Each structure stands twice: as structure tokens, then as C-alpha cells.
>>> print(open('model.cif').read())   # mmCIF, C-alpha atoms
data_input
loop_
_atom_site.group_PDB
_atom_site.id
_atom_site.type_symbol
_atom_site.label_atom_id
_atom_site.label_comp_id
_atom_site.auth_asym_id
_atom_site.auth_seq_id
_atom_site.Cartn_x
_atom_site.Cartn_y
_atom_site.Cartn_z
ATOM 1 C CA MET Q 1 25.404 313.739 119.786
ATOM 2 C CA ARG Q 2 27.527 315.152 116.971
ATOM 3 C CA ALA Q 3 25.931 318.564 117.467
ATOM 4 C CA GLY Q 4 26.838 318.450 121.180
ATOM 5 C CA LEU Q 5 30.428 317.538 120.384
ATOM 6 C CA LEU Q 6 30.587 320.351 117.833
ATOM 7 C CA VAL Q 7 29.331 322.867 120.396
ATOM 8 C CA LEU Q 8 31.870 321.559 122.925
ATOM 9 C CA ALA Q 9 34.710 321.825 120.401
ATOM 10 C CA LEU Q 10 33.680 325.377 119.477
ATOM 11 C CA SER Q 11 33.517 326.329 123.149
ATOM 12 C CA ILE Q 12 37.001 324.961 123.758
ATOM 13 C CA ALA Q 13 38.331 326.754 120.678
ATOM 14 C CA LEU Q 14 36.823 330.057 121.846
ATOM 15 C CA ALA Q 15 38.246 329.580 125.341
ATOM 16 C CA VAL Q 16 41.706 328.866 123.954
ATOM 17 C CA ALA Q 17 41.472 331.886 121.651
ATOM 18 C CA GLY Q 18 40.409 334.043 124.609
ATOM 19 C CA LEU Q 19 43.328 332.827 126.720
ATOM 20 C CA ALA Q 20 45.708 333.456 123.834
ATOM 21 C CA ALA Q 21 44.402 337.023 123.497
ATOM 22 C CA VAL Q 22 44.796 337.613 127.240
ATOM 23 C CA GLN Q 23 48.318 336.204 127.122
ATOM 24 C CA LYS Q 24 49.279 338.359 124.134
ATOM 25 C CA ALA Q 25 47.982 341.489 125.861
ATOM 26 C CA ALA Q 26 49.886 340.584 129.042
ATOM 27 C CA ASP Q 27 53.129 340.082 127.107
ATOM 28 C CA HIS Q 28 52.645 343.467 125.415
ATOM 29 C CA GLN Q 29 52.041 345.174 128.778
ATOM 30 C CA ALA Q 30 55.125 343.482 130.222
ATOM 31 C CA GLN Q 31 57.293 344.750 127.372
ATOM 32 C CA THR Q 32 55.857 348.257 127.856
ATOM 33 C CA LEU Q 33 56.754 348.109 131.552
ATOM 34 C CA ILE Q 34 60.280 346.896 130.773
ATOM 35 C CA ALA Q 35 60.757 349.835 128.400
ATOM 36 C CA ARG Q 36 59.505 352.332 131.001
ATOM 37 C CA VAL Q 37 61.844 351.132 133.769
ATOM 38 C CA LEU Q 38 64.853 350.728 131.473
ATOM 39 C CA PRO Q 39 66.414 354.111 132.457
ATOM 40 C CA TYR Q 40 66.415 352.937 136.086
ATOM 41 C CA ALA Q 41 66.899 349.166 135.860
ATOM 42 C CA GLY Q 42 67.044 346.272 133.429
ATOM 43 C CA LEU Q 43 64.090 343.953 134.002
ATOM 44 C CA GLY Q 44 63.692 340.456 132.583
ATOM 45 C CA TYR Q 45 61.608 337.337 133.184
ATOM 46 C CA GLN Q 46 61.633 333.741 132.018
ATOM 47 C CA ARG Q 47 57.911 333.065 131.824
ATOM 48 C CA LEU Q 48 54.667 335.029 132.217
ATOM 49 C CA TRP Q 49 51.143 333.706 132.517
ATOM 50 C CA ALA Q 50 48.011 335.883 132.646
ATOM 51 C CA TRP Q 51 44.673 334.737 134.028
ATOM 52 C CA PRO Q 52 41.356 335.848 132.463
ATOM 53 C CA TRP Q 53 40.196 337.501 135.690
ATOM 54 C CA GLY Q 54 43.026 340.044 135.565
ATOM 55 C CA SER Q 55 45.739 338.381 137.661
ATOM 56 C CA ALA Q 56 49.168 337.401 136.376
ATOM 57 C CA THR Q 57 52.147 335.315 137.465
ATOM 58 C CA ALA Q 58 55.756 335.684 136.361
ATOM 59 C CA TRP Q 59 58.607 333.301 137.084
ATOM 60 C CA ASN Q 60 62.352 333.834 137.436
ATOM 61 C CA LEU Q 61 62.555 337.610 137.242
ATOM 62 C CA SER Q 62 65.822 339.526 137.369
ATOM 63 C CA LEU Q 63 66.368 343.212 138.091
ATOM 64 C CA GLN Q 64 69.697 344.961 137.446
ATOM 65 C CA PRO Q 65 69.908 348.615 138.586
ATOM 66 C CA SER Q 66 71.171 351.169 136.076
ATOM 67 C CA ALA Q 67 74.326 353.208 136.701
ATOM 68 C CA LEU Q 68 72.204 356.130 137.964
ATOM 69 C CA THR Q 69 70.261 353.940 140.392
ATOM 70 C CA ARG Q 70 73.444 352.260 141.649
ATOM 71 C CA THR Q 71 75.022 355.650 142.342
ATOM 72 C CA LEU Q 72 71.959 357.013 144.154
ATOM 73 C CA LEU Q 73 71.674 353.909 146.349
ATOM 74 C CA GLY Q 74 75.378 353.261 146.789
ATOM 75 C CA LEU Q 75 75.219 349.823 145.127
ATOM 76 C CA PRO Q 76 78.088 347.908 143.494
ATOM 77 C CA GLU Q 77 78.337 347.526 139.736
ATOM 78 C CA ASP Q 78 77.275 343.877 139.745
ATOM 79 C CA SER Q 79 74.129 344.419 141.840
ATOM 80 C CA ARG Q 80 71.268 342.199 140.812
ATOM 81 C CA LEU Q 81 67.996 341.097 142.376
ATOM 82 C CA PHE Q 82 66.227 337.830 141.574
ATOM 83 C CA VAL Q 83 62.594 336.856 142.184
ATOM 84 C CA ARG Q 84 61.462 333.249 141.887
ATOM 85 C CA GLU Q 85 57.750 334.085 141.528
ATOM 86 C CA ALA Q 86 55.761 337.315 141.263
ATOM 87 C CA TRP Q 87 51.969 337.362 141.704
ATOM 88 C CA LEU Q 88 50.006 340.402 140.514
ATOM 89 C CA ARG Q 89 46.359 340.799 141.515
ATOM 90 C CA GLY Q 90 43.643 343.414 141.914
ATOM 91 C CA VAL Q 91 44.880 345.786 139.215
ATOM 92 C CA ASP Q 92 42.576 348.772 138.709
ATOM 93 C CA THR Q 93 43.129 351.773 136.435
ATOM 94 C CA GLY Q 94 41.100 354.938 136.154
ATOM 95 C CA PRO Q 95 39.466 356.341 132.990
ATOM 96 C CA ASP Q 96 42.701 358.178 132.169
ATOM 97 C CA GLY Q 97 44.762 354.996 132.502
ATOM 98 C CA GLU Q 98 46.281 356.037 135.837
ATOM 99 C CA LEU Q 99 47.014 353.119 138.163
ATOM 100 C CA ARG Q 100 44.711 353.219 141.199
ATOM 101 C CA ALA Q 101 45.067 349.834 142.877
ATOM 102 C CA LEU Q 102 47.116 346.638 142.764
ATOM 103 C CA ARG Q 103 48.541 343.842 144.919
ATOM 104 C CA LEU Q 104 51.986 342.454 144.136
ATOM 105 C CA SER Q 105 53.659 339.578 145.988
ATOM 106 C CA LEU Q 106 57.295 338.651 145.411
ATOM 107 C CA TYR Q 107 58.384 335.187 146.553
ATOM 108 C CA GLY Q 108 61.930 333.896 146.619
ATOM 109 C CA LEU Q 109 63.681 337.269 146.661
ATOM 110 C CA SER Q 110 67.461 336.901 146.585
ATOM 111 C CA ALA Q 111 70.518 339.049 145.959
ATOM 112 C CA PRO Q 112 73.718 337.150 145.114
ATOM 113 C CA PRO Q 113 77.036 338.073 146.757
ATOM 114 C CA ARG Q 114 78.525 341.172 145.188
ATOM 115 C CA ARG Q 115 81.990 341.339 143.710
ATOM 116 C CA GLY Q 116 82.196 344.751 142.039
ATOM 117 C CA PRO Q 117 83.430 347.985 143.654
ATOM 118 C CA VAL Q 118 80.973 350.370 145.305
ATOM 119 C CA ARG Q 119 80.726 353.905 143.942
ATOM 120 C CA GLY Q 120 78.143 355.407 146.263
ATOM 121 C CA LEU Q 121 77.582 359.008 147.291
ATOM 122 C CA GLY Q 122 79.518 359.782 150.483
ATOM 123 C CA PRO Q 123 78.773 357.370 153.351
ATOM 124 C CA ALA Q 124 75.667 355.974 151.615
ATOM 125 C CA ARG Q 125 77.361 352.693 150.795
ATOM 126 C CA ALA Q 126 75.321 349.538 150.766
ATOM 127 C CA PHE Q 127 76.433 346.655 152.968
ATOM 128 C CA SER Q 128 77.067 343.330 151.307
ATOM 129 C CA ALA Q 129 75.529 340.115 152.585
ATOM 130 C CA ALA Q 130 79.018 338.947 153.580
ATOM 131 C CA GLU Q 131 79.513 342.071 155.742
ATOM 132 C CA LEU Q 132 76.271 341.165 157.523
ATOM 133 C CA GLY Q 133 77.418 337.588 158.056
ATOM 134 C CA LEU Q 134 75.191 336.079 155.362
ATOM 135 C CA ARG Q 135 75.958 334.105 152.215
ATOM 136 C CA GLN Q 136 73.286 336.055 150.343
ATOM 137 C CA LEU Q 137 70.189 338.127 151.055
ATOM 138 C CA ARG Q 138 66.901 336.220 150.870
ATOM 139 C CA GLY Q 139 63.381 337.364 151.542
ATOM 140 C CA GLU Q 140 59.798 337.995 150.519
ATOM 141 C CA ALA Q 141 57.856 341.195 149.793
ATOM 142 C CA HIS Q 142 54.217 342.268 149.448
ATOM 143 C CA LEU Q 143 53.240 345.605 147.922
ATOM 144 C CA GLN Q 144 49.745 347.047 147.758
ATOM 145 C CA LEU Q 145 48.331 350.237 146.248
ATOM 146 C CA GLN Q 146 44.943 351.248 147.664
ATOM 147 C CA PRO Q 147 42.702 354.106 146.514
ATOM 148 C CA SER Q 148 41.993 356.898 148.997
ATOM 149 C CA GLY Q 149 39.299 359.494 149.369
ATOM 150 C CA ALA Q 150 38.723 362.458 147.088
ATOM 151 C CA ASP Q 151 41.748 364.686 146.452
ATOM 152 C CA GLN Q 152 44.019 362.183 148.210
ATOM 153 C CA PRO Q 153 46.815 360.180 146.569
ATOM 154 C CA PRO Q 154 46.563 356.402 146.944
ATOM 155 C CA MET Q 155 48.140 354.645 149.923
ATOM 156 C CA LEU Q 156 51.192 352.541 149.092
ATOM 157 C CA THR Q 157 52.077 349.813 151.565
ATOM 158 C CA LEU Q 158 55.076 347.496 151.576
ATOM 159 C CA GLN Q 159 55.777 344.521 153.800
ATOM 160 C CA LEU Q 160 59.300 343.136 153.518
ATOM 161 C CA ARG Q 161 60.803 340.117 155.263
ATOM 162 C CA LEU Q 162 64.556 339.463 155.087
ATOM 163 C CA GLU Q 163 65.725 336.107 156.410
ATOM 164 C CA ALA Q 164 67.822 336.397 159.593
ATOM 165 C CA LEU Q 165 67.563 340.217 159.475
ATOM 166 C CA GLY Q 166 64.014 341.377 160.195
ATOM 167 C CA GLU Q 167 60.657 342.618 158.899
ATOM 168 C CA ALA Q 168 59.617 346.079 157.679
ATOM 169 C CA ASP Q 169 56.098 347.469 157.361
ATOM 170 C CA LEU Q 170 55.924 350.730 155.372
ATOM 171 C CA GLN Q 171 52.842 352.853 154.660
ATOM 172 C CA LEU Q 172 53.222 355.886 152.403
ATOM 173 C CA ARG Q 173 50.864 358.473 150.929
ATOM 174 C CA LEU Q 174 52.833 360.599 148.498
ATOM 175 C CA GLU Q 175 52.169 362.660 145.370
ATOM 176 C CA ALA Q 176 55.004 361.945 142.950
ATOM 177 C CA ASP Q 177 55.869 361.230 139.338
ATOM 178 C CA GLU Q 178 58.628 359.223 137.686
ATOM 179 C CA SER Q 179 61.216 361.901 138.489
ATOM 180 C CA VAL Q 180 61.560 360.418 141.996
ATOM 181 C CA LEU Q 181 63.139 357.365 140.359
ATOM 182 C CA ARG Q 182 65.904 359.689 139.169
ATOM 183 C CA GLY Q 183 66.481 360.904 142.723
ATOM 184 C CA ARG Q 184 64.280 364.039 142.468
ATOM 185 C CA TRP Q 185 62.450 363.561 145.749
ATOM 186 C CA ASP Q 186 62.237 367.346 146.079
ATOM 187 C CA ARG Q 187 59.399 367.247 143.524
ATOM 188 C CA ALA Q 188 57.237 364.963 145.673
ATOM 189 C CA VAL Q 189 54.512 366.034 148.099
ATOM 190 C CA LEU Q 190 54.277 364.094 151.366
ATOM 191 C CA HIS Q 191 50.879 363.484 152.961
ATOM 192 C CA GLU Q 192 51.833 360.862 155.554
ATOM 193 C CA ALA Q 193 54.196 357.962 156.107
ATOM 194 C CA SER Q 194 54.980 355.366 158.738
ATOM 195 C CA LEU Q 195 57.553 352.620 159.138
ATOM 196 C CA ARG Q 196 57.714 349.794 161.658
ATOM 197 C CA TRP Q 197 60.852 347.623 161.792
ATOM 198 C CA LEU Q 198 60.988 344.350 163.728
ATOM 199 C CA ASP Q 199 64.610 343.403 164.197
ATOM 200 C CA GLN Q 200 65.653 339.784 163.869
ATOM 201 C CA GLY Q 201 69.393 340.221 163.569
ATOM 202 C CA LEU Q 202 70.052 343.263 161.350
ATOM 203 C CA ALA Q 203 71.005 345.685 164.142
ATOM 204 C CA PRO Q 204 73.706 343.454 165.705
ATOM 205 C CA ALA Q 205 75.052 342.658 162.233
ATOM 206 C CA LEU Q 206 75.214 346.364 161.340
ATOM 207 C CA ARG Q 207 76.938 347.243 164.611
ATOM 208 C CA ALA Q 208 79.644 344.694 163.903
ATOM 209 C CA ALA Q 209 80.005 345.793 160.256
ATOM 210 C CA LEU Q 210 80.207 349.499 161.160
ATOM 211 C CA ALA Q 211 82.850 348.798 163.777
ATOM 212 C CA ARG Q 212 84.920 346.897 161.228
ATOM 213 C CA ARG Q 213 84.580 349.742 158.714
ATOM 214 C CA ALA Q 214 85.641 352.270 161.353
ATOM 215 C CA GLY Q 215 88.533 350.064 162.473
ATOM 216 C CA ILE Q 216 87.455 350.107 166.131
ATOM 217 C CA PRO Q 217 86.390 347.336 168.534
ATOM 218 C CA GLU Q 218 82.667 346.603 168.528
ATOM 219 C CA SER Q 219 82.580 347.301 172.286
ATOM 220 C CA THR Q 220 83.701 350.894 171.594
ATOM 221 C CA TRP Q 221 80.887 351.305 169.059
ATOM 222 C CA GLN Q 222 78.392 349.926 171.587
ATOM 223 C CA GLN Q 223 79.532 352.490 174.168
ATOM 224 C CA ARG Q 224 78.892 355.295 171.711
ATOM 225 C CA LEU Q 225 75.334 354.071 171.175
ATOM 226 C CA ARG Q 226 74.602 354.165 174.922
ATOM 227 C CA SER Q 227 75.088 357.936 174.926
ATOM 228 C CA PRO Q 228 72.533 360.182 173.105
ATOM 229 C CA GLN Q 229 75.443 362.409 172.107
ATOM 230 C CA GLY Q 230 76.993 359.420 170.368
ATOM 231 C CA TRP Q 231 73.959 358.582 168.265
ATOM 232 C CA PRO Q 232 74.829 359.078 164.598
ATOM 233 C CA ASP Q 233 72.233 360.758 162.393
ATOM 234 C CA GLY Q 234 69.483 361.043 164.993
ATOM 235 C CA LEU Q 235 67.223 357.984 164.836
ATOM 236 C CA LEU Q 236 69.950 355.761 163.439
ATOM 237 C CA GLY Q 237 71.353 355.323 166.955
ATOM 238 C CA PRO Q 238 68.186 353.820 168.496
ATOM 239 C CA ALA Q 239 67.799 351.612 165.425
ATOM 240 C CA LEU Q 240 71.319 350.246 165.794
ATOM 241 C CA ALA Q 241 70.747 349.643 169.510
ATOM 242 C CA LEU Q 242 67.868 347.210 168.864
ATOM 243 C CA ALA Q 243 68.133 343.628 170.046
ATOM 244 C CA PRO Q 244 66.536 340.752 168.103
ATOM 245 C CA GLY Q 245 62.800 340.746 168.791
ATOM 246 C CA GLN Q 246 62.622 344.496 169.456
ATOM 247 C CA SER Q 247 60.923 346.946 167.094
ATOM 248 C CA LEU Q 248 61.205 350.614 166.223
ATOM 249 C CA GLY Q 249 58.508 352.842 164.750
ATOM 250 C CA LEU Q 250 58.715 356.071 162.792
ATOM 251 C CA ARG Q 251 55.858 358.315 161.641
ATOM 252 C CA LEU Q 252 55.745 361.405 159.417
ATOM 253 C CA ALA Q 253 52.471 363.325 159.768
ATOM 254 C CA PRO Q 254 52.743 366.952 158.532
ATOM 255 C CA LEU Q 255 49.818 369.187 159.442
ATOM 256 C CA ARG Q 256 49.260 369.848 155.733
ATOM 257 C CA PRO Q 257 50.674 368.167 152.600
ATOM 258 C CA LEU Q 258 54.351 369.004 152.456
ATOM 259 C CA PRO Q 259 56.203 369.656 149.166
ATOM 260 C CA LEU Q 260 59.580 368.167 150.036
ATOM 261 C CA ASP Q 261 61.462 370.971 148.286
ATOM 262 C CA GLU Q 262 60.185 373.266 151.088
ATOM 263 C CA LEU Q 263 62.364 371.456 153.630
ATOM 264 C CA ARG Q 264 65.418 373.361 152.453
ATOM 265 C CA LEU Q 265 63.722 376.570 153.691
ATOM 266 C CA TYR Q 266 63.752 375.293 157.274
ATOM 267 C CA ALA Q 267 66.660 375.048 159.672
ATOM 268 C CA PRO Q 268 67.636 371.431 160.475
ATOM 269 C CA ALA Q 269 66.179 371.758 163.980
ATOM 270 C CA GLN Q 270 62.805 372.838 162.534
ATOM 271 C CA ARG Q 271 62.450 370.093 159.925
ATOM 272 C CA ALA Q 272 61.291 367.433 162.372
ATOM 273 C CA ASP Q 273 58.366 369.645 163.463
ATOM 274 C CA ARG Q 274 57.423 370.468 159.854
ATOM 275 C CA LEU Q 275 57.477 366.763 158.987
ATOM 276 C CA GLY Q 276 55.429 365.879 162.064
ATOM 277 C CA LEU Q 277 58.144 363.408 163.026
ATOM 278 C CA GLY Q 278 57.309 360.941 165.757
ATOM 279 C CA THR Q 279 58.053 357.398 166.888
ATOM 280 C CA ASP Q 280 54.407 356.369 167.298
ATOM 281 C CA ALA Q 281 54.091 354.339 164.110
ATOM 282 C CA PRO Q 282 51.170 351.896 164.140
ATOM 283 C CA PRO Q 283 51.863 348.254 165.012
ATOM 284 C CA ALA Q 284 52.993 346.041 162.155
ATOM 285 C CA ARG Q 285 50.137 344.507 160.188
ATOM 286 C CA PRO Q 286 49.668 340.723 160.075
ATOM 287 C CA TRP Q 287 51.898 339.012 157.537
ATOM 288 C CA PRO Q 288 49.998 338.074 154.330
ATOM 289 C CA ALA Q 289 48.717 334.537 153.832
ATOM 290 C CA PRO Q 290 51.086 331.934 152.335
ATOM 291 C CA ARG Q 291 51.609 331.863 148.586
ATOM 292 C CA PRO Q 292 48.469 330.721 146.704
ATOM 293 C CA LEU Q 293 48.531 327.525 144.687
ATOM 294 C CA PRO Q 294 49.231 327.886 140.961
ATOM 295 C CA GLY Q 295 46.088 328.868 139.106
ATOM 296 C CA TRP Q 296 44.421 330.404 142.158
ATOM 297 C CA ALA Q 297 45.778 333.933 141.990
ATOM 298 C CA LEU Q 298 42.265 335.288 142.246
ATOM 299 C CA PRO Q 299 41.549 339.020 142.329
#
>>> encode(input="model.cif", output="C-alpha cells")
Amino acid sequence: MRAGLLVLALSIALAVAGLAAVQKAADHQAQTLIARVLPYAGLGYQRLWAWPWGSATAWNLSLQPSALTRTLLGLPEDSRLFVREAWLRGVDTGPDGELRALRLSLYGLSAPPRRGPVRGLGPARAFSAAELGLRQLRGEAHLQLQPSGADQPPMLTLQLRLEALGEADLQLRLEADESVLRGRWDRAVLHEASLRWLDQGLAPALRAALARRAGIPESTWQQRLRSPQGWPDGLLGPALALAPGQSLGLRLAPLRPLPLDELRLYAPAQRADRLGLGTDAPPARPWPAPRPLPGWALP
């Protein structure tokens, strides 16, 4: 009997030691990630728990864009993003340590009302939640990195749901390094991309906000959208003309991988053909299953 209890106690001690080692390694990896993203954003979390099978959960995350990121995206100085829970699963790295696969779910996304001034580049100014008729932005996001065939970069997919605004389904196959985070998209190589947007209120809210910014009646803005000659920036017009429940698709399918710095060699009228631009994006994928119960973030 005593021998059985001793074996049980040793087993529990080993299990606790194993969990502690997993937790320590997860904390170290989290701090490494925070250091890597620091030039682009400040990242923090309240609590992190790692599971022995390779999954992890973090609670109460905050992300504050750096000055460079705010300028590139046209965000105000006090921009901040909060995440109530983040679930990481299915992480796979190659022999060289390169990330090949993962699944990341972000629950309880929110962006508080902004107060600071916007110092964006030209017209690329972000709209505040108040301008869109909301108290604050709330949503949920699911990101997945999937390995592809030989000599192909992995496929990155993102599903984003914003309350009262709509749902986005993005699929992207792109060769890139960290320089894209500094705005150097010209160094990336595009293989294919598609985006499907299901509008649930964003387009009407943007029409009203743009009319207010331009100082014209919303009816005048609507008349401009009815004419192809009045569409601003090409596809932006059809996107703004959406009604709740309608969707818009966009696909980029170049005949061969396209280094984006080559686009400057083409006249604007030729770039759409080189990109393989079309509006035949695939239908939106089913929305992921509801959030798993604590402790069941299985691979």
C-alpha cells in the first residue's frame, strides 16, 4: 500500500515538474515574441498557460501599435487593441525553426474609442468607431497557417468578424520577411490572394462617414456611387455600394509569382492584368466552431 502511494506521489511530482517545464518554456517563447514585435507594436498579456500537447492560452492581451505602424495605417496616437482570450494550436516548425503551421483564435477583440489626433499618410486615415456609429469596435478573429506543396509558401488564412459591420475571409499565399511589417511590401512575392467580404452594416456606415468628412449630403455621395465614373479608387465604389447581407469578392491570381516591386514597371492600366485581378473570389468558408472549453484546446 505504501509502495503504491509512493509511486503515485512520484508520478504526480513528475507531472507537476513536466508542466512547470512546459510553462517556463512557453513564458520564454512569449517574451521572445514580444521582443521581436516591439519595433512594430507593444504586446502584453496578463496570464499565459501552456498545455503539454503544444497548445497555449493567453488571457487579457493588449497590443499598442508603434509610431511607425500608426503612421503606415493612419491610426491615432492612442490606438490600442485588446483580446480577452487567445488560443494557439497546431504549431509546427521545420528543422530550421521556420514556422510552417499554426491555428490562432482571438476571442473578445475590442478597440476602445480613440481620443488622440490622426497622423496618417494622405487620405489613409482610419475611421473611429464613433464615426461608424459604434461605441467601440468588437469582434473575433481566426488565423491559420497551412503548409503547401514543394517550392510553395504556406497559405495564410484569416477570418474576421466585426460586430454590426461584417465578416471578412482572406486567403493569402505570399513570400515575405519581416520587412513587410515596416511597410516594405515591394520586397514580397505574391503567389495568390482572395478576399470575400460579407457586409452587415460597414458600407452604409462608411458612406455616411465619408459624406460627413466631405461636407456633402449623403444623398449626393450615393448619386456618385451609382455612376461608374464616380467610383473612387476602382473597386472601392462597388464595396461602398453594398447593402447589409450582400458580399463582394476579390481575387489576385498572377500567371506566375509576382515580385511586387515589378508593379512599378507597369502602367496603372496594365497592373490589374499582371495581378490577375478578378471578382471571382471563392465563397466564404464556414465560421469556425465556438470557443473550446478551458483545458480542451487540443491540437
>>> closest_residue(input="model.cif", among="Q:Ala211, Q:Ala168, Q:Leu162, Q:Leu265", to="Pro283 in chain Q", atoms="all atoms listed in the file")
Q:Ala168
>>> atom_distance(input="model.cif", atom1="CA of Leu277 in chain Q", atom2="CA of Leu172 in chain Q")
13.9 Å
>>> resolve_selection(input="model.cif", expression="the PyMOL selection byres ((chain Q and resi 249) around 12)", output="NGL selection string")
:Q and (167-171 or 193-199 or 235-236 or 238-239 or 242 or 246-248 or 250-252 or 277-284)
>>> write_last_selection(input="model.cif", atoms="C-alpha atoms", output="compact mmCIF listing (two decimals), in the frame of the given file")
# COMPACT_ATOMS: atom_id res chain seq x y z
CA GLU Q 167 60.66 342.62 158.90
CA ALA Q 168 59.62 346.08 157.68
CA ASP Q 169 56.10 347.47 157.36
CA LEU Q 170 55.92 350.73 155.37
CA GLN Q 171 52.84 352.85 154.66
CA ALA Q 193 54.20 357.96 156.11
CA SER Q 194 54.98 355.37 158.74
CA LEU Q 195 57.55 352.62 159.14
CA ARG Q 196 57.71 349.79 161.66
CA TRP Q 197 60.85 347.62 161.79
CA LEU Q 198 60.99 344.35 163.73
CA ASP Q 199 64.61 343.40 164.20
CA LEU Q 235 67.22 357.98 164.84
CA LEU Q 236 69.95 355.76 163.44
CA PRO Q 238 68.19 353.82 168.50
CA ALA Q 239 67.80 351.61 165.42
CA LEU Q 242 67.87 347.21 168.86
CA GLN Q 246 62.62 344.50 169.46
CA SER Q 247 60.92 346.95 167.09
CA LEU Q 248 61.20 350.61 166.22
CA LEU Q 250 58.72 356.07 162.79
CA ARG Q 251 55.86 358.32 161.64
CA LEU Q 252 55.74 361.40 159.42
CA LEU Q 277 58.14 363.41 163.03
CA GLY Q 278 57.31 360.94 165.76
CA THR Q 279 58.05 357.40 166.89
CA ASP Q 280 54.41 356.37 167.30
CA ALA Q 281 54.09 354.34 164.11
CA PRO Q 282 51.17 351.90 164.14
CA PRO Q 283 51.86 348.25 165.01
CA ALA Q 284 52.99 346.04 162.16
>>> atom_distance(input="model.cif", atom1="CA of Leu102 in chain Q", atom2="CA of Leu158 in chain Q")
11.9 Å
>>> closest_residue(input="model.cif", among="Q:Glu131, Q:Asp78, Q:Asp186, Q:Glu163", to="Leu109 in chain Q", atoms="all atoms listed in the file")
Q:Glu163
